[in-house]
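Below: data.csv (CSV, C-alpha atoms and all ligand atoms)
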chain,number,residue,atom,x,y,z
A,293,MET,CA,-13.8,-34.3,69.6
A,294,LYS,CA,-16.8,-36.5,69.1
A,295,LEU,CA,-17.5,-37.9,65.6
A,296,ARG,CA,-20.8,-36.0,65.2
A,297,GLN,CA,-19.2,-32.7,66.1
A,298,TRP,CA,-16.9,-32.7,63.2
A,299,LEU,CA,-19.1,-34.5,60.8
A,300,ALA,CA,-21.5,-31.6,60.6
A,301,PRO,CA,-19.1,-29.0,59.2
A,302,VAL,CA,-17.6,-31.5,56.7
A,303,ALA,CA,-21.1,-32.3,55.4
A,304,ALA,CA,-21.9,-28.6,55.1
A,305,LEU,CA,-18.7,-28.0,53.2
A,306,ALA,CA,-19.4,-30.9,50.8
A,307,LEU,CA,-22.8,-29.4,50.0
A,308,VAL,CA,-21.2,-26.0,49.2
A,309,VAL,CA,-18.7,-27.8,46.8
A,310,VAL,CA,-21.5,-29.7,45.1
A,311,ALA,CA,-23.5,-26.5,44.7
A,312,LEU,CA,-20.6,-24.6,43.2
A,313,ALA,CA,-19.8,-27.3,40.7
A,314,GLY,CA,-23.4,-27.2,39.6
A,315,CYS,CA,-23.0,-23.6,38.6
A,316,GLY,CA,-20.8,-24.5,35.7
A,317,GLY,CA,-23.6,-24.8,33.2
A,318,LYS,CA,-22.9,-25.1,29.5
A,319,GLY,CA,-20.5,-22.2,29.4
A,320,GLY,CA,-17.9,-24.0,27.2
A,321,SER,CA,-14.2,-24.0,28.2
A,322,GLY,CA,-14.4,-20.7,30.1
A,323,GLY,CA,-15.1,-22.5,33.4
A,324,GLY,CA,-18.8,-21.5,33.5
A,325,ALA,CA,-18.7,-17.7,33.4
A,326,ASN,CA,-20.9,-16.1,30.8
A,327,GLU,CA,-18.5,-14.3,28.6
A,328,ILE,CA,-17.7,-13.4,24.9
A,329,VAL,CA,-14.9,-15.5,23.5
A,330,VAL,CA,-12.9,-14.1,20.5
A,331,GLY,CA,-10.5,-16.3,18.5
A,332,VAL,CA,-7.1,-15.2,17.2
A,333,TYR,CA,-5.1,-17.5,14.9
A,334,GLY,CA,-1.9,-17.1,13.1
A,335,SER,CA,1.8,-18.2,12.7
A,336,MET,CA,3.0,-17.6,16.3
A,337,THR,CA,5.9,-19.9,15.3
A,338,GLY,CA,7.4,-21.1,12.0
A,339,ASN,CA,8.9,-19.6,8.9
A,340,ASP,CA,7.0,-16.2,9.1
A,341,ALA,CA,6.4,-16.1,12.9
A,342,THR,CA,6.4,-12.3,13.0
A,343,PHE,CA,3.0,-12.4,11.1
A,344,GLY,CA,1.3,-14.3,13.9
A,345,GLN,CA,3.1,-12.4,16.7
A,346,SER,CA,2.1,-9.0,15.2
A,347,THR,CA,-1.5,-10.1,14.9
A,348,LYS,CA,-1.6,-11.1,18.5
A,349,GLY,CA,0.2,-7.9,19.6
A,350,GLY,CA,-2.3,-5.7,17.8
A,351,VAL,CA,-5.4,-7.5,19.1
A,352,GLU,CA,-4.1,-7.4,22.6
A,353,VAL,CA,-3.7,-3.6,22.4
A,354,ALA,CA,-7.3,-3.4,21.3
A,355,LEU,CA,-8.4,-5.5,24.3
A,356,ALA,CA,-6.3,-3.3,26.6
A,357,ASP,CA,-8.2,-0.3,25.2
A,358,LEU,CA,-11.5,-2.1,26.0
A,359,VAL,CA,-10.3,-2.8,29.5
A,360,GLU,CA,-9.4,0.8,30.0
A,361,GLN,CA,-12.6,2.2,28.5
A,362,ALA,CA,-15.2,-0.4,29.6
A,363,GLY,CA,-13.6,-2.7,32.1
A,364,GLY,CA,-13.0,-5.2,29.3
A,365,LYS,CA,-16.7,-5.8,28.9
A,366,ILE,CA,-19.2,-5.5,26.1
A,367,GLY,CA,-22.9,-5.5,27.1
A,368,GLY,CA,-21.9,-6.5,30.6
A,369,LEU,CA,-20.0,-9.6,29.4
A,370,PRO,CA,-16.2,-9.9,29.8
A,371,VAL,CA,-14.4,-10.4,26.5
A,372,ARG,CA,-11.8,-13.2,26.4
A,373,LEU,CA,-9.2,-13.9,23.7
A,374,VAL,CA,-8.2,-17.5,22.7
A,375,VAL,CA,-5.0,-17.5,20.6
A,376,GLU,CA,-4.1,-20.4,18.4
A,377,ASP,CA,-0.7,-21.1,16.7
A,378,ASP,CA,-1.0,-22.6,13.2
A,379,GLN,CA,2.8,-22.7,12.8
A,380,GLY,CA,2.5,-21.1,9.4
A,381,LYS,CA,0.8,-24.2,7.9
A,382,ALA,CA,-2.5,-24.1,5.9
A,383,GLU,CA,-3.7,-27.5,7.4
A,384,GLU,CA,-3.0,-26.2,10.9
A,385,ALA,CA,-4.9,-23.0,10.1
A,386,ALA,CA,-7.9,-25.1,9.3
A,387,THR,CA,-7.5,-27.1,12.5
A,388,ALA,CA,-7.1,-24.0,14.6
A,389,ALA,CA,-10.4,-22.6,13.1
A,390,GLN,CA,-12.2,-25.9,13.9
A,391,LYS,CA,-10.9,-25.9,17.5
A,392,LEU,CA,-11.8,-22.2,18.1
A,393,ILE,CA,-15.3,-22.7,16.8
A,394,ASN,CA,-16.2,-26.1,18.2
A,395,GLN,CA,-14.3,-26.2,21.4
A,396,ASP,CA,-13.8,-22.6,22.5
A,397,GLN,CA,-17.2,-21.4,21.0
A,398,VAL,CA,-15.8,-18.2,19.7
A,399,VAL,CA,-18.1,-15.6,18.2
A,400,ALA,CA,-15.6,-14.5,15.6
A,401,LEU,CA,-12.1,-15.2,14.4
A,402,LEU,CA,-9.3,-12.6,13.8
A,403,GLY,CA,-6.8,-13.9,11.2
A,404,GLU,CA,-5.0,-15.1,9.2
A,405,VAL,CA,-2.3,-12.9,7.7
A,406,ALA,CA,-1.1,-15.2,4.8
A,407,SER,CA,-3.8,-15.5,2.1
A,408,SER,CA,-3.2,-19.3,1.6
A,409,ARG,CA,-3.9,-19.8,5.3
A,410,SER,CA,-7.0,-17.6,5.4
A,411,LEU,CA,-8.2,-19.6,2.4
A,412,ALA,CA,-7.8,-22.8,4.4
A,413,ALA,CA,-9.7,-21.5,7.4
A,414,ALA,CA,-12.4,-19.4,5.8
A,415,PRO,CA,-14.6,-22.2,4.5
A,416,ILE,CA,-14.8,-23.6,8.1
A,417,CYS,CA,-15.9,-20.2,9.5
A,418,GLN,CA,-18.3,-19.7,6.6
A,419,ALA,CA,-19.9,-23.2,7.1
A,420,ALA,CA,-20.3,-22.5,10.9
A,421,GLY,CA,-21.7,-19.1,10.3
A,422,VAL,CA,-18.9,-17.5,12.4
A,423,PRO,CA,-17.5,-14.2,11.1
A,424,MET,CA,-13.8,-14.1,10.2
A,425,ILE,CA,-11.9,-10.9,9.8
A,426,SER,CA,-8.6,-11.2,8.2
A,427,PRO,CA,-6.5,-8.2,9.1
A,428,SER,CA,-4.1,-8.5,6.1
A,429,SER,CA,-4.8,-11.2,3.6
A,430,THR,CA,-4.8,-9.4,0.3
A,431,ASN,CA,-5.6,-12.2,-2.3
A,432,PRO,CA,-9.0,-11.5,-3.9
A,433,LYS,CA,-10.2,-15.1,-3.3
A,434,VAL,CA,-10.2,-14.8,0.5
A,435,THR,CA,-13.5,-12.8,0.9
A,436,GLN,CA,-15.0,-14.6,-2.1
A,437,VAL,CA,-15.4,-17.7,0.2
A,438,GLY,CA,-18.6,-16.2,1.5
A,439,ASP,CA,-20.6,-13.6,3.3
A,440,ARG,CA,-19.0,-14.3,6.7
A,441,ILE,CA,-15.4,-13.4,5.6
A,442,PHE,CA,-14.1,-9.9,5.8
A,443,ARG,CA,-10.8,-8.1,5.5
A,444,MET,CA,-9.3,-4.8,6.7
A,445,CYS,CA,-6.8,-4.2,3.9
A,446,PHE,CA,-6.5,-3.5,0.1
A,447,LEU,CA,-6.4,-6.3,-2.4
A,448,ASP,CA,-3.5,-7.6,-4.6
A,449,ASP,CA,-4.9,-6.4,-7.9
A,450,PHE,CA,-4.5,-2.9,-6.5
A,451,GLN,CA,-1.1,-3.7,-4.8
A,452,GLY,CA,0.2,-5.2,-8.1
A,453,LEU,CA,-0.9,-2.1,-10.0
A,454,THR,CA,0.7,0.1,-7.4
A,455,MET,CA,4.1,-1.5,-7.7
A,456,ALA,CA,3.9,-1.7,-11.5
A,457,ARG,CA,3.1,2.1,-11.7
A,458,PHE,CA,5.8,2.9,-9.3
A,459,ALA,CA,8.3,0.8,-11.3
A,460,VAL,CA,7.5,2.6,-14.6
A,461,GLN,CA,6.6,6.1,-13.5
A,462,ASN,CA,8.8,6.7,-10.5
A,463,LEU,CA,11.8,4.5,-11.3
A,464,GLY,CA,11.7,4.5,-15.1
A,465,LEU,CA,12.1,0.7,-15.3
A,466,LYS,CA,11.4,-1.2,-18.6
A,467,LYS,CA,12.6,-4.8,-18.0
A,468,VAL,CA,11.7,-6.6,-14.8
A,469,ALA,CA,12.4,-10.2,-13.7
A,470,ILE,CA,10.0,-12.0,-11.3
A,471,LEU,CA,10.9,-14.4,-8.6
A,472,LYS,CA,7.7,-15.9,-7.0
A,473,ASP,CA,6.7,-18.5,-4.4
A,474,VAL,CA,4.6,-20.9,-6.5
A,475,LYS,CA,2.9,-22.5,-3.6
A,476,SER,CA,1.6,-19.2,-2.2
A,477,ASP,CA,-1.8,-17.8,-3.4
A,478,TYR,CA,-0.6,-14.4,-2.5
A,479,SER,CA,2.7,-14.6,-4.4
A,480,VAL,CA,1.2,-16.2,-7.5
A,481,GLY,CA,-1.6,-13.7,-7.6
A,482,LEU,CA,0.5,-10.6,-6.9
A,483,ALA,CA,3.0,-11.6,-9.6
A,484,GLN,CA,0.2,-11.8,-12.1
A,485,TYR,CA,-1.4,-8.5,-11.2
A,486,PHE,CA,2.0,-6.8,-11.3
A,487,THR,CA,2.6,-8.3,-14.8
A,488,ASP,CA,-0.8,-7.2,-16.1
A,489,GLU,CA,-0.2,-3.6,-15.3
A,490,PHE,CA,3.5,-3.4,-16.0
A,491,VAL,CA,2.9,-4.8,-19.5
A,492,LYS,CA,0.0,-2.4,-20.0
A,493,LEU,CA,2.4,0.4,-19.3
A,494,GLY,CA,4.8,-0.8,-21.9
A,495,GLY,CA,7.2,-2.8,-19.7
A,496,THR,CA,8.4,-6.4,-20.3
A,497,ILE,CA,8.8,-9.3,-18.0
A,498,VAL,CA,12.1,-10.7,-19.1
A,499,VAL,CA,12.1,-13.9,-17.0
A,500,GLU,CA,10.1,-15.6,-14.3
A,501,GLN,CA,11.6,-17.9,-11.7
A,502,ALA,CA,10.0,-19.9,-8.9
A,503,TYR,CA,10.8,-21.0,-5.3
A,504,THR,CA,8.8,-22.3,-2.3
A,505,ALA,CA,8.7,-20.9,1.2
A,506,GLY,CA,11.3,-22.7,3.3
A,507,ASP,CA,13.9,-22.8,0.5
A,508,GLN,CA,17.4,-21.7,1.4
A,509,ASP,CA,19.2,-21.7,-1.9
A,510,PHE,CA,18.2,-19.3,-4.6
A,511,SER,CA,21.4,-19.3,-6.6
A,512,ALA,CA,20.1,-21.2,-9.7
A,513,GLN,CA,17.1,-18.9,-10.0
A,514,LEU,CA,19.3,-15.8,-9.6
A,515,THR,CA,21.8,-17.0,-12.2
A,516,ALA,CA,18.9,-17.5,-14.7
A,517,ILE,CA,17.7,-14.0,-13.8
A,518,LYS,CA,21.1,-12.4,-14.2
A,519,SER,CA,21.5,-13.8,-17.7
A,520,LYS,CA,18.4,-11.8,-18.8
A,521,ASN,CA,19.9,-8.5,-17.6
A,522,PRO,CA,16.7,-7.0,-16.0
A,523,ASP,CA,16.4,-3.5,-14.6
A,524,ALA,CA,14.9,-4.8,-11.4
A,525,ILE,CA,13.6,-8.0,-9.7
A,526,PHE,CA,10.0,-8.1,-8.4
A,527,ILE,CA,9.8,-10.6,-5.5
A,528,PRO,CA,6.2,-11.0,-4.3
A,529,GLY,CA,7.1,-13.2,-1.3
A,530,TYR,CA,7.4,-13.2,2.5
A,531,TYR,CA,10.3,-11.6,4.4
A,532,THR,CA,12.4,-14.6,5.3
A,533,GLU,CA,13.0,-15.8,1.7
A,534,VAL,CA,13.1,-12.2,0.4
A,535,GLY,CA,16.0,-11.4,2.9
A,536,LEU,CA,17.9,-14.5,1.8
A,537,ILE,CA,17.2,-13.8,-1.9
A,538,ALA,CA,18.5,-10.2,-1.5
A,539,ARG,CA,21.8,-11.5,0.0
A,540,THR,CA,22.3,-14.1,-2.7
A,541,ALA,CA,21.5,-11.6,-5.5
A,542,ARG,CA,24.2,-9.2,-4.2
A,543,GLN,CA,26.7,-12.1,-3.8
A,544,GLN,CA,26.1,-13.0,-7.4
A,545,GLY,CA,26.7,-9.4,-8.5
A,546,LEU,CA,23.1,-8.6,-9.2
A,547,THR,CA,22.9,-4.9,-8.1
A,548,VAL,CA,19.5,-3.9,-9.6
A,549,PRO,CA,16.7,-2.7,-7.3
A,550,LEU,CA,14.5,-5.3,-5.7
A,551,LEU,CA,10.8,-4.6,-5.5
A,552,GLY,CA,8.1,-6.4,-3.5
A,553,GLY,CA,4.7,-6.2,-1.7
A,554,ASP,CA,3.4,-6.2,1.8
A,555,GLY,CA,4.8,-9.7,2.5
A,556,TRP,CA,8.1,-8.0,3.1
A,557,GLU,CA,6.7,-6.2,6.2
A,558,SER,CA,8.6,-7.5,9.2
A,559,GLU,CA,11.3,-6.2,11.4
A,560,LYS,CA,13.2,-9.4,10.4
A,561,LEU,CA,13.5,-8.3,6.8
A,562,ILE,CA,16.4,-6.0,7.4
A,563,GLU,CA,17.9,-8.4,10.0
A,564,ILE,CA,18.0,-11.2,7.4
A,565,GLY,CA,18.7,-9.1,4.3
A,566,GLN,CA,21.2,-6.8,6.0
A,567,ASP,CA,23.0,-4.4,3.6
A,568,ALA,CA,21.7,-6.3,0.6
A,569,ILE,CA,18.1,-5.1,1.1
A,570,ASN,CA,19.1,-1.4,1.0
A,571,GLY,CA,17.7,0.4,-2.1
A,572,ALA,CA,14.7,-1.9,-2.3
A,573,TYR,CA,11.1,-0.8,-2.5
A,574,TYR,CA,7.9,-2.5,-1.4
A,575,SER,CA,4.2,-1.6,-1.1
A,576,ASN,CA,2.7,-1.5,2.4
A,577,HIS,CA,-0.4,-0.6,4.4
A,578,TRP,CA,1.3,2.2,6.3
A,579,ALA,CA,4.7,3.9,7.1
A,580,LEU,CA,5.5,4.7,10.7
A,581,ASP,CA,6.6,8.2,9.8
A,582,MET,CA,3.2,9.2,8.4
A,583,PRO,CA,1.8,12.1,10.3
A,584,ASP,CA,-1.7,10.5,10.8
A,585,THR,CA,-3.0,11.3,14.4
A,586,ASN,CA,-4.7,7.9,14.9
A,587,LEU,CA,-1.6,6.1,13.8
A,588,GLN,CA,0.7,8.2,16.0
A,589,ALA,CA,-1.6,7.6,19.1
A,590,PHE,CA,-1.5,3.9,18.4
A,591,LEU,CA,2.3,3.9,18.1
A,592,THR,CA,2.5,5.6,21.5
A,593,LYS,CA,0.3,3.0,23.1
A,594,TYR,CA,2.1,0.1,21.4
A,595,HIS,CA,5.4,1.4,22.6
A,596,ALA,CA,4.2,1.7,26.2
A,597,LYS,CA,3.1,-1.9,26.1
A,598,TYR,CA,5.8,-3.6,24.1
A,599,ASN,CA,8.7,-1.2,24.0
A,600,SER,CA,9.0,-1.7,20.2
A,601,ASP,CA,7.5,-0.5,17.0
A,602,PRO,CA,4.5,-2.4,15.5
A,603,ASP,CA,4.6,-3.5,11.9
A,604,ALA,CA,1.6,-2.9,9.6
A,605,ILE,CA,0.1,-6.3,10.6
A,606,GLY,CA,-0.1,-5.1,14.2
A,607,GLY,CA,-2.0,-2.0,13.1
A,608,LEU,CA,-4.4,-4.0,10.8
A,609,ALA,CA,-5.0,-6.5,13.6
A,610,TYR,CA,-5.8,-3.7,16.0
A,611,ASP,CA,-8.2,-2.3,13.5
A,612,ALA,CA,-9.8,-5.7,12.9
A,613,ALA,CA,-10.4,-6.2,16.7
A,614,ARG,CA,-11.7,-2.7,17.1
A,615,VAL,CA,-14.2,-3.1,14.2
A,616,LEU,CA,-15.4,-6.4,15.7
A,617,PHE,CA,-15.7,-4.8,19.2
A,618,ALA,CA,-17.6,-1.8,17.7
A,619,ALA,CA,-20.1,-4.1,16.0
A,620,MET,CA,-20.7,-6.0,19.2
A,621,GLN,CA,-21.0,-2.7,21.2
A,622,LYS,CA,-23.6,-1.4,18.8
A,623,MET,CA,-25.5,-4.7,19.1
A,624,ALA,CA,-25.4,-4.6,22.9
A,625,ALA,CA,-26.7,-1.1,23.0
A,626,GLU,CA,-29.4,-1.4,20.4
A,627,GLU,CA,-30.5,-5.1,20.5
A,628,PRO,CA,-29.6,-6.4,23.9
A,629,THR,CA,-31.8,-9.5,23.6
A,630,VAL,CA,-30.1,-10.6,20.3
A,631,PHE,CA,-26.7,-9.6,21.8
A,632,ALA,CA,-27.2,-12.0,24.7
A,633,GLY,CA,-26.9,-14.8,22.2
A,634,LEU,CA,-23.2,-14.1,21.9
A,635,GLY,CA,-22.6,-15.0,25.5
A,636,SER,CA,-20.9,-18.3,26.1
A,637,ALA,CA,-23.9,-19.5,28.1
A,638,LYS,CA,-25.8,-19.5,24.8
A,639,ALA,CA,-23.3,-21.7,22.8
A,640,GLY,CA,-25.1,-24.2,20.6
A,641,THR,CA,-28.5,-22.6,20.9
A,642,PRO,CA,-30.7,-21.0,18.3
A,643,GLU,CA,-30.1,-17.6,20.0
A,644,ARG,CA,-26.4,-18.0,19.3
A,645,LYS,CA,-27.1,-18.5,15.6
A,646,ALA,CA,-29.4,-15.4,15.4
A,647,ALA,CA,-26.7,-13.4,17.2
A,648,LEU,CA,-24.0,-14.5,14.8
A,649,ASP,CA,-26.1,-13.6,11.8
A,650,ARG,CA,-26.7,-10.1,13.3
A,651,LEU,CA,-23.0,-9.7,14.1
A,652,ARG,CA,-22.2,-10.5,10.5
A,653,ASP,CA,-24.6,-7.8,9.3
A,654,LEU,CA,-23.1,-5.2,11.7
A,655,ILE,CA,-19.5,-5.9,10.6
A,656,ALA,CA,-20.6,-5.7,7.0
A,657,ALA,CA,-22.1,-2.3,7.7
A,658,THR,CA,-18.7,-0.8,8.7
A,659,ARG,CA,-18.4,2.6,7.2
A,660,ASP,CA,-15.8,5.4,7.6
A,661,TYR,CA,-14.2,3.6,10.5
A,662,ALA,CA,-11.2,5.7,11.6
A,663,GLY,CA,-8.5,3.0,11.8
A,664,VAL,CA,-4.9,3.4,12.6
A,665,THR,CA,-4.2,2.0,9.0
A,666,GLY,CA,-6.6,4.6,7.5
A,667,SER,CA,-10.3,4.9,7.0
A,668,ILE,CA,-12.1,1.6,6.6
A,669,THR,CA,-15.4,1.2,4.7
A,670,LEU,CA,-16.4,-2.3,3.7
A,671,ASP,CA,-18.0,-2.7,0.3
A,672,ALA,CA,-20.6,-5.2,-0.8
A,673,ASN,CA,-17.8,-7.8,-1.1
A,674,ARG,CA,-16.6,-7.2,2.4
A,675,ASN,CA,-13.3,-5.6,1.2
A,676,ALA,CA,-11.8,-2.4,2.2
A,677,SER,CA,-10.5,0.1,-0.4
A,678,LYS,CA,-7.4,1.9,0.9
A,679,PRO,CA,-4.4,3.6,-0.4
A,680,ALA,CA,-1.0,1.8,-0.6
A,681,VAL,CA,2.2,3.3,0.6
A,682,VAL,CA,5.6,2.6,-1.0
A,683,ILE,CA,8.4,2.1,1.4
A,684,GLU,CA,12.1,2.5,0.5
A,685,ILE,CA,14.8,0.7,2.5
A,686,LYS,CA,17.6,3.2,3.1
A,687,GLY,CA,20.6,2.7,5.4
A,688,GLY,CA,18.8,-0.2,7.1
A,689,LYS,CA,15.7,1.9,7.8
A,690,LYS,CA,12.2,1.9,6.3
A,691,VAL,CA,11.5,5.3,4.8
A,692,TYR,CA,8.1,6.5,3.4
A,693,ASN,CA,8.4,7.2,-0.3
A,694,THR,CA,4.9,7.8,-1.8
A,695,THR,CA,1.2,7.0,-1.5
A,696,ILE,CA,-0.8,5.5,-4.3
A,697,HIS,CA,-4.6,6.0,-4.2
A,698,PRO,CA,-7.1,3.5,-5.6
B,701,LIG,N1,-0.9,-9.7,2.2
B,701,LIG,C1,-0.2,-10.9,2.6
B,701,LIG,C2,-1.0,-12.2,2.1
B,701,LIG,O1,-2.1,-12.0,1.7
B,701,LIG,C3,0.1,-11.1,4.0
B,701,LIG,C4,0.8,-9.9,4.7
B,701,LIG,C5,0.1,-8.7,5.0
B,701,LIG,C6,2.1,-10.0,5.0
B,701,LIG,C7,0.7,-7.7,5.6
B,701,LIG,C8,2.7,-8.9,5.6
B,701,LIG,C9,2.0,-7.7,5.9
B,701,LIG,O2,-0.5,-13.2,2.1

Is it possible to express this structure as structure tokens?
Ligand code: PHE
Amino acid sequence: MKLRQWLAPVAALALVVVALAGCGGKGGSGGGANEIVVGVYGSMTGNDATFGQSTKGGVEVALADLVEQAGGKIGGLPVRLVVEDDQGKAEEAATAAQKLINQDQVVALLGEVASSRSLAAAPICQAAGVPMISPSSTNPKVTQVGDRIFRMCFLDDFQGLTMARFAVQNLGLKKVAILKDVKSDYSVGLAQYFTDEFVKLGGTIVVEQAYTAGDQDFSAQLTAIKSKNPDAIFIPGYYTEVGLIARTARQQGLTVPLLGGDGWESEKLIEIGQDAINGAYYSNHWALDMPDTNLQAFLTKYHAKYNSDPDAIGGLAYDAARVLFAAMQKMAAEEPTVFAGLGSAKAGTPERKAALDRLRDLIAATRDYAGVTGSITLDANRNASKPAVVIEIKGGKKVYNTTIHP
């Protein structure tokens, strides 16, 4: 073959390669396609890894719905998730939010679960004008960060009141001990809200003891608690420590009921706490045996995908993603020009800013959204008002006990 004969096709191929590379544009990290990027962040690993895993699981079911119903697209643009692991650390939550916003150019963040971590990431979202929807952070301060921060769940003042009422009215308790995580905004806040209502109802907090997430040895605190002879121990913490505390309490001969909040919600609670956690009660966002049609349909879908039960975080994360998708779908249908600003091709432009402002307004306007965790209406402070469910742990199973309405 002569030189000229094979040079021609090579030159043509080179031209094609150059032309293709030029198509990349300013589409961010998505390789050039115009798409909608949504950030998910949470503790995929670490001390409370089921929180992050459940968030991711719930959001992925919502995306699977979108694929089934609309080819995974909103307004003609494919929706892509970017998931970041913050390892259960507040500093990493802030870093994850920075990365999702600056590098991945997400239009919204879904997360975090733990209030302290939502509080670390929220100021970054607020400053960048990017909406953040926490599925499950219950501390009041989270949405107070600013008008870009939303949540799908009830707040800890209501949750504290729920458990105090349940303790007095349903269990007839008068003297309660508190064991709280002093470094957790959630734990400190919930302990206070419980105390306020319990004292109002005539109860007494006989002793308060402290720990920090990651602790393994709770014997000193439980010895101090035992000496005050309480009717029950309220432990507003997360499942890993709660499970260990339950076992130590039983080993030390403390047999009174243990009470807690939604931070107990994990399949690992019973695995860690074993028999010691039987007879305990905690407030939660749902119970799997509730006859709600939306919930039951979600459970069927979740089972088909993961072959396991979701926890409440999975349901709240599913609702968070669906509320976000619904807001974007409304925007795409009614204001397609503004909506185009959400496309990754518009990252960094004034159109993007206008689109994010509008997205914020549409999320804020969420009313009577039929979620799998109940009906969601966001109030002027971007909070949802929803009933709380009390779960009893009986024979190693979570059993619905009662519902307390706001
Ligand atoms: N409400 C907890 C917090 O704010 C997080 C949580 C929600 C944990 C739901 C488990 C289930 O920190």

Using all atoms listed in the file, I'd like a table of the residues in chain A that come within 9 Å of ligand LIG 701 (chain B); for each, show the closest atom pair and its distance in Å rounded to one decimal, ordered by chain and ascending number, as a Markdown table.
| residue | atom | partner | partner_atom | distance |
| --- | --- | --- | --- | --- |
| A:Asp340 | CA | B:LIG701 | C6 | 8.9 |
| A:Thr342 | CA | B:LIG701 | C8 | 8.9 |
| A:Phe343 | CA | B:LIG701 | C8 | 6.5 |
| A:Glu404 | CA | B:LIG701 | C3 | 8.3 |
| A:Val405 | CA | B:LIG701 | C3 | 4.8 |
| A:Ala406 | CA | B:LIG701 | O2 | 3.4 |
| A:Ser407 | CA | B:LIG701 | O1 | 3.9 |
| A:Ser408 | CA | B:LIG701 | O2 | 6.7 |
| A:Arg409 | CA | B:LIG701 | O2 | 8.1 |
| A:Ser410 | CA | B:LIG701 | O1 | 8.3 |
| A:Pro427 | CA | B:LIG701 | C5 | 7.8 |
| A:Ser428 | CA | B:LIG701 | C5 | 4.3 |
| A:Ser429 | CA | B:LIG701 | O1 | 3.4 |
| A:Thr430 | CA | B:LIG701 | O1 | 4.0 |
| A:Asn431 | CA | B:LIG701 | O1 | 5.3 |
| A:Pro432 | CA | B:LIG701 | O1 | 8.9 |
| A:Val434 | CA | B:LIG701 | O1 | 8.7 |
| A:Cys445 | CA | B:LIG701 | N1 | 8.2 |
| A:Phe446 | CA | B:LIG701 | N1 | 8.6 |
| A:Leu447 | CA | B:LIG701 | N1 | 7.9 |
| A:Asp448 | CA | B:LIG701 | N1 | 7.6 |
| A:Ser476 | CA | B:LIG701 | O2 | 7.7 |
| A:Asp477 | CA | B:LIG701 | O2 | 7.3 |
| A:Tyr478 | CA | B:LIG701 | O2 | 4.8 |
| A:Ser479 | CA | B:LIG701 | O2 | 7.4 |
| A:Gly529 | CA | B:LIG701 | O2 | 8.3 |
| A:Tyr530 | CA | B:LIG701 | C6 | 6.7 |
| A:Tyr531 | CA | B:LIG701 | C8 | 8.2 |
| A:Gly553 | CA | B:LIG701 | N1 | 7.7 |
| A:Asp554 | CA | B:LIG701 | C9 | 4.6 |
| A:Gly555 | CA | B:LIG701 | C6 | 3.7 |
| A:Trp556 | CA | B:LIG701 | C8 | 6.0 |
| A:Glu557 | CA | B:LIG701 | C8 | 4.9 |
| A:Ser558 | CA | B:LIG701 | C8 | 7.1 |
| A:Asn576 | CA | B:LIG701 | C9 | 7.2 |
| A:His577 | CA | B:LIG701 | C7 | 7.3 |
| A:Asp603 | CA | B:LIG701 | C9 | 7.8 |
| A:Ala604 | CA | B:LIG701 | C9 | 6.1 |
| A:Ile605 | CA | B:LIG701 | C7 | 5.2 |
| A:Gly606 | CA | B:LIG701 | C9 | 8.9 |
| A:Leu608 | CA | B:LIG701 | C7 | 8.2 |

So which residues touch Gly688 in chain A within 9 Å, counting all atoms listed in the file, skipping near sequence neighbours fewer than 4 positions away, as a compact mmCIF listing (two decimals) with C-alpha atoms, in the frame of the given file?
# COMPACT_ATOMS: atom_id res chain seq x y z
CA ILE A 562 16.40 -6.00 7.40
CA GLU A 563 17.90 -8.40 10.00
CA GLN A 566 21.20 -6.80 6.00
CA ASP A 567 23.00 -4.40 3.60
CA ILE A 569 18.10 -5.10 1.10
CA ASN A 570 19.10 -1.40 1.00

**OP:** Counting only C-alpha atoms, figure out which residue out of A:Gln361, A:Ala572, A:Leu453, A:Ala613 gets nearest to Val330 in chain A.
**Re:**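 Checking each of A:Gln361, A:Ala572, A:Leu453, A:Ala613 against Val330 in chain A, counting only C-alpha atoms, the winner is A:Ala613.
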
List every residue of range 590-664 of chain A that has an atom at most 12 Å from any atom of range 412-418 of chain A, giving for each one its closest atom pair and the distance in Å to one decimal, counting all atoms listed in the file, sorted by chain and then by ascending residue number, as JSON lines.
{"residue": "A:Leu648", "atom": "CA", "partner": "A:Cys417", "partner_atom": "CA", "distance": 11.2}
{"residue": "A:Asp649", "atom": "CA", "partner": "A:Gln418", "partner_atom": "CA", "distance": 11.2}
{"residue": "A:Arg652", "atom": "CA", "partner": "A:Gln418", "partner_atom": "CA", "distance": 10.7}

Original post:
Rounded to one decimal in Å, what is the spacing between CA of Val351 in chain A and CA of Tyr573 in chain A?
Top reply: 28.0 Å

**OP:** Grab the CA of Asn326 in chain A to CA of Gly633 in chain A distance for me, in Å with one decimal place.
**Re:**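 A separation of 10.6 Å between them.
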
Subject >> Distance in Å - CA of Ala612 in chain A versus CA of Thr585 in chain A >> reply: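 Interatomic distance, CA of Ala612 in chain A to CA of Thr585 in chain A: 18.4 Å.
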
Which range 420-467 of chain A residues have any atom within 9 Å of an atom of range 661-670 of chain A, and for each, what is the nearest pair of atoms with distance in Å to one decimal, counting only C-alpha atoms, rows sorted by chain and number, as CSV?
residue,atom,partner,partner_atom,distance
A:Phe442,CA,A:Leu670,CA,8.2
A:Arg443,CA,A:Leu670,CA,8.3
A:Met444,CA,A:Ile668,CA,7.0
A:Cys445,CA,A:Ile668,CA,8.3

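By all atoms listed in the file, and with residues fewer than 2 positions from Val499 in chain A along its chain excluded, the set lying at most 10 Å from it is Lys467, Val468, Ala469, Ile470, Leu471, Thr496, Ile497, Gln501, Gln513, Ala516, Ile517, Lys518, Ser519, Lys520, Asn521, Pro522 and Ile525 of chain A.
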